[in-house]
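Q: Below is the file upload22.txt, which contains compact mmCIF, C-alpha atoms.
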```
# COMPACT_ATOMS: atom_id res chain seq x y z
CA MET A 15 227.14 137.27 20.42
CA LYS A 16 223.53 136.32 20.20
CA TYR A 17 223.79 134.50 23.62
CA ALA A 18 225.56 137.37 25.35
CA GLY A 19 222.34 138.56 27.00
CA ILE A 20 221.76 135.15 28.59
CA LYS A 21 225.08 134.98 30.44
CA LYS A 22 224.18 137.60 33.01
CA PRO A 23 220.80 136.12 34.05
CA LEU A 24 222.32 132.62 34.14
CA SER A 25 225.13 133.80 36.40
CA TRP A 26 222.55 135.36 38.76
CA ILE A 27 220.47 132.18 38.74
CA PHE A 28 223.60 130.14 39.51
CA PHE A 29 224.57 132.52 42.33
CA LEU A 30 221.08 132.49 43.87
CA SER A 31 220.86 128.71 43.67
CA LEU A 32 224.18 128.48 45.51
CA LEU A 33 222.80 130.67 48.28
CA ILE A 34 219.63 128.61 48.55
CA PHE A 35 221.26 125.19 48.49
CA ALA A 36 224.29 126.15 50.57
CA ALA A 37 222.10 127.15 53.53
CA PRO A 38 222.16 124.37 56.12
CA ALA A 39 218.99 122.33 56.33
CA GLY A 40 216.92 123.05 59.41
CA ALA A 41 218.86 126.24 60.07
CA ALA A 42 215.70 128.16 60.96
CA THR A 43 215.49 129.14 64.61
CA PRO A 44 212.34 127.81 66.29
CA ALA A 45 209.76 130.57 66.89
CA ASP A 46 209.86 130.32 70.70
CA ILE A 47 213.65 130.72 70.68
CA ALA A 48 213.50 133.63 68.24
CA GLU A 49 210.94 135.26 70.55
CA ILE A 50 212.86 134.52 73.78
CA PRO A 51 216.50 133.66 72.96
CA SER A 52 217.86 133.40 76.49
CA CYS A 53 216.61 132.25 79.86
CA GLY A 54 215.36 135.11 82.00
CA TYR A 55 216.69 133.50 85.18
CA CYS A 56 220.16 132.23 84.36
CA GLY A 57 220.83 133.84 80.97
CA MET A 58 221.57 130.55 79.19
CA ASP A 59 221.11 130.32 75.42
CA ARG A 60 217.78 128.56 74.82
CA GLU A 61 218.84 127.42 71.35
CA LYS A 62 221.94 125.71 72.74
CA PHE A 63 219.71 124.05 75.34
CA ALA A 64 216.77 123.38 73.00
CA HIS A 65 216.67 119.78 74.28
CA SER A 66 215.73 120.98 77.78
CA ARG A 67 213.99 124.31 77.15
CA VAL A 68 210.53 125.13 78.46
CA TYR A 69 207.98 127.53 76.95
CA LEU A 70 205.01 128.60 79.09
CA SER A 71 201.81 130.30 77.90
CA TYR A 72 199.70 131.99 80.56
CA ALA A 73 195.95 132.70 80.71
CA ASP A 74 196.63 136.46 80.55
CA GLY A 75 198.31 136.04 77.14
CA THR A 76 201.89 136.42 78.36
CA LYS A 77 204.59 133.88 77.63
CA ALA A 78 207.85 132.85 79.26
CA GLY A 79 210.79 130.90 77.91
CA VAL A 80 213.48 129.29 80.05
CA CYS A 81 216.37 126.88 79.56
CA SER A 82 215.25 124.01 81.78
CA LEU A 83 212.67 122.55 84.11
CA HIS A 84 214.74 123.98 87.00
CA CYS A 85 214.24 127.53 85.71
CA ALA A 86 210.59 126.75 84.82
CA ALA A 87 210.03 125.83 88.48
CA ILE A 88 211.49 129.21 89.48
CA GLU A 89 209.23 130.92 86.91
CA MET A 90 206.18 129.19 88.35
CA ILE A 91 207.12 130.23 91.89
CA VAL A 92 207.77 133.85 90.92
CA LYS A 93 204.56 134.00 88.84
CA LEU A 94 202.48 132.14 91.42
CA ASP A 95 199.29 134.06 90.61
CA LYS A 96 199.52 133.42 86.87
CA GLU A 97 197.69 130.40 85.49
CA PRO A 98 199.74 128.41 82.96
CA LEU A 99 197.50 127.38 80.03
CA GLU A 100 200.15 125.39 78.22
CA ILE A 101 203.63 124.19 79.10
CA MET A 102 205.78 123.02 76.21
CA VAL A 103 209.20 121.38 76.61
CA GLY A 104 212.04 120.44 74.31
CA ASP A 105 212.15 116.78 73.32
CA PHE A 106 215.55 115.45 74.41
CA ASN A 107 216.27 113.83 71.03
CA THR A 108 214.53 116.00 68.43
CA ARG A 109 214.74 119.35 70.27
CA GLU A 110 211.17 120.05 69.08
CA LEU A 111 208.61 121.46 71.50
CA ILE A 112 206.16 118.92 72.91
CA ASN A 113 203.37 119.18 75.47
CA ALA A 114 204.88 118.70 78.95
CA ASP A 115 201.85 116.79 80.25
CA LYS A 116 201.92 114.32 77.36
CA ALA A 117 205.70 113.81 77.42
CA TYR A 118 207.40 110.74 78.83
CA TRP A 119 209.78 112.03 81.47
CA VAL A 120 212.97 110.44 82.73
CA ILE A 121 214.29 111.52 86.12
CA GLY A 122 217.92 110.80 87.01
CA GLY A 123 220.44 108.67 85.22
CA ASP A 124 224.14 109.13 84.58
CA MET A 125 223.83 112.37 82.57
CA MET A 126 223.90 115.63 84.48
CA GLY A 127 220.83 117.75 83.86
CA VAL A 128 220.57 121.39 82.85
CA MET A 129 220.82 123.55 85.98
CA THR A 130 220.42 120.43 88.14
CA ARG A 131 222.38 117.38 89.26
CA ARG A 132 219.38 115.08 88.95
CA ALA A 133 218.34 115.33 85.32
CA LYS A 134 214.75 115.63 84.15
CA TRP A 135 214.42 114.89 80.41
CA ALA A 136 211.27 114.90 78.27
CA PHE A 137 210.59 112.57 75.35
CA ALA A 138 207.71 112.61 72.88
CA ASP A 139 208.04 108.88 72.37
CA LYS A 140 207.83 106.27 75.15
CA ALA A 141 210.26 103.97 73.32
CA ALA A 142 212.85 106.78 73.19
CA ALA A 143 212.49 107.33 76.95
CA GLU A 144 212.85 103.60 77.60
CA LYS A 145 215.95 103.47 75.36
CA PHE A 146 217.46 106.38 77.29
CA ILE A 147 216.80 104.59 80.60
CA LYS A 148 218.43 101.44 79.25
CA GLU A 149 221.54 103.38 78.18
CA HIS A 150 221.80 105.98 80.97
CA GLY A 151 219.59 104.88 83.85
CA GLY A 152 216.88 106.92 85.49
CA THR A 153 213.21 106.26 86.08
CA MET A 154 210.11 106.95 84.00
CA ALA A 155 207.90 109.72 85.36
CA THR A 156 204.99 112.03 84.62
CA PHE A 157 205.33 115.78 84.23
CA GLU A 158 203.92 116.30 87.72
CA GLU A 159 206.57 113.97 89.17
CA ALA A 160 209.36 115.71 87.22
CA LEU A 161 208.16 119.14 88.35
CA LYS A 162 207.90 117.96 91.96
CA ALA A 163 211.46 116.60 91.69
CA SER A 164 212.59 120.04 90.45
CA PHE A 165 211.09 121.71 93.50
CA GLU A 166 212.63 119.07 95.79
CA ASP A 167 216.08 119.53 94.19
CA MET A 168 216.00 123.35 94.24
CA TYR A 169 218.08 123.86 97.42
CA GLU A 170 220.94 121.60 96.33
CA ASP A 171 220.80 122.82 92.73
CA VAL A 172 221.03 126.48 93.74
CA ASN A 173 224.03 125.70 95.97
CA MET A 174 225.68 123.75 93.12
CA ILE A 175 225.12 126.65 90.69
CA ARG A 176 226.50 129.19 93.17
CA GLU A 177 229.62 127.05 93.70
CA LYS A 178 230.17 126.68 89.95
CA ARG A 179 229.81 130.41 89.40
CA LYS A 180 232.15 131.15 92.30
CA MET A 181 234.77 128.83 90.76
CA MET A 182 234.32 130.49 87.36
CA ARG A 183 234.83 133.95 88.90
CA MET A 184 237.97 132.76 90.72
CA LYS A 185 239.34 131.21 87.53
CA LYS A 186 238.62 134.40 85.63
CA MET A 187 240.42 136.49 88.29
CA GLN A 188 243.49 134.22 88.05
CA HIS A 189 243.75 134.89 84.32
CA MET A 190 243.66 138.67 84.71
```
Kindly return the structure encoded in the file as structure tokens.
A:
Amino acid sequence: MKYAGIKKPLSWIFFLSLLIFAAPAGAATPADIAEIPSCGYCGMDREKFAHSRVYLSYADGTKAGVCSLHCAAIEMIVKLDKEPLEIMVGDFNTRELINADKAYWVIGGDMMGVMTRRAKWAFADKAAAEKFIKEHGGTMATFEEALKASFEDMYEDVNMIREKRKMMRMKKMQHM
């Protein structure tokens, strides 16, 4: 009986340690995604598309978060008079935010992009970008070249997105 008082605290310690160690590693949502969970233009989940997301900070202190370089291009057109101070993008492999200007960009390849046929992926590491090109094709680019490609692709991408959404609506109507 002299150990009876210890059982309760030990059971609580055991229970709390289970909660702590059972939580998946890296389960914390990145701050930019917690702040802006979905793209303001297409509604896509920015956590699901963390590998292609873009986070913009403007000179006036406002911020914008989108799912892709495609939607970032739209953001920059709509907010033409706002000066972006910093543009951060998701690293394709690590999903961590990196500076868009310092990233190694790959345009094209055999993987379809997010909101675009011609993919534009960012990598923090040049070797990772080169490995991607070796495995999937595409060409190395700067951020300016990737952004220019987004503007050039806008017409076809918007038509592709409209067609996909039309097909989804038709499919949904068939199941009603």
Q: At a cut-off of 9 Å from (221.7, 117.7, 89.3) in the coordinates of the file, what residues are picked up using all atoms listed in the file, written as a list in words?
A: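 With a cut-off of 9 Å, the residues come to Gly122, Met125, Met126, Gly127, Val128, Met129, Thr130, Arg131, Arg132, Ala133, Lys134, Asp167, Glu170, Asp171 and Met174 of chain A.
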Q: For Ala143 in chain A, find every residue with an atom within 8 Å (counting all atoms listed in the file), except residues of its own chain fewer than 2 positions away, and show them as a list of chain:residue names.
A: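 So, after excluding close chain neighbours, the residues are A:Tyr118, A:Trp119, A:Val120, A:Ala136, A:Phe137, A:Asp139, A:Lys140, A:Ala141, A:Lys145, A:Phe146, A:Ile147, A:Met154.
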Q: Rounded to one decimal in Å, what is the spacing between CA of Thr156 in chain A and CA of Tyr55 in chain A?
A: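 Answer for the CA of Thr156 in chain A to CA of Tyr55 in chain A separation: 24.5 Å.
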Q: Can you pull out the residues contacting range 63-80 of chain A? Cut-off 6 Å, using all atoms listed in the file, and skip same-chain residues under 5 positions away; I want them as JSON, numbers by chain.
A: {"A": [50, 53, 85, 97, 98, 99, 100, 101, 102, 103, 104, 105, 106, 109]}
Q: Using all atoms listed in the file for the distances, tell me which of A:Met58, A:Ile175, A:Ala86, A:Ala142 is nearest to Thr108 in chain A.
A: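 Of A:Met58, A:Ile175, A:Ala86, A:Ala142, the one nearest Thr108 in chain A, counting all atoms listed in the file, is A:Ala142.
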Q: Between A:Glu89, A:Glu166, A:Asp95, A:Asp124, which has the minimum distance to Cys56 in chain A (counting all atoms listed in the file)?
A: A:Glu89
Q: Record the distance separating CA of Ala87 in chain A and CA of Ala163 in chain A, expressed in Å with one decimal.
A: 9.9 Å
Q: Enter the distance from CA of His150 in chain A to CA of Asp115 in chain A, in Å, rounded to one decimal.
A: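 The value is 22.7 Å.
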Q: Out of A:Lys178, A:Glu61, A:Phe165, A:Thr153, which residue has the shortest atom-to-atom distance to Ile91 in chain A when counting all atoms listed in the file?
A: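 Distance minimum relative to Ile91 in chain A lands on A:Phe165.
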Q: Using only C-alpha atoms, pick whichever of A:Gly123, A:Gly54, A:Ala45, A:Asn113 has the shortest atom-to-atom distance to Val92 in chain A.
A: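 Answer, going by the shortest atom-to-atom distance: A:Gly54.
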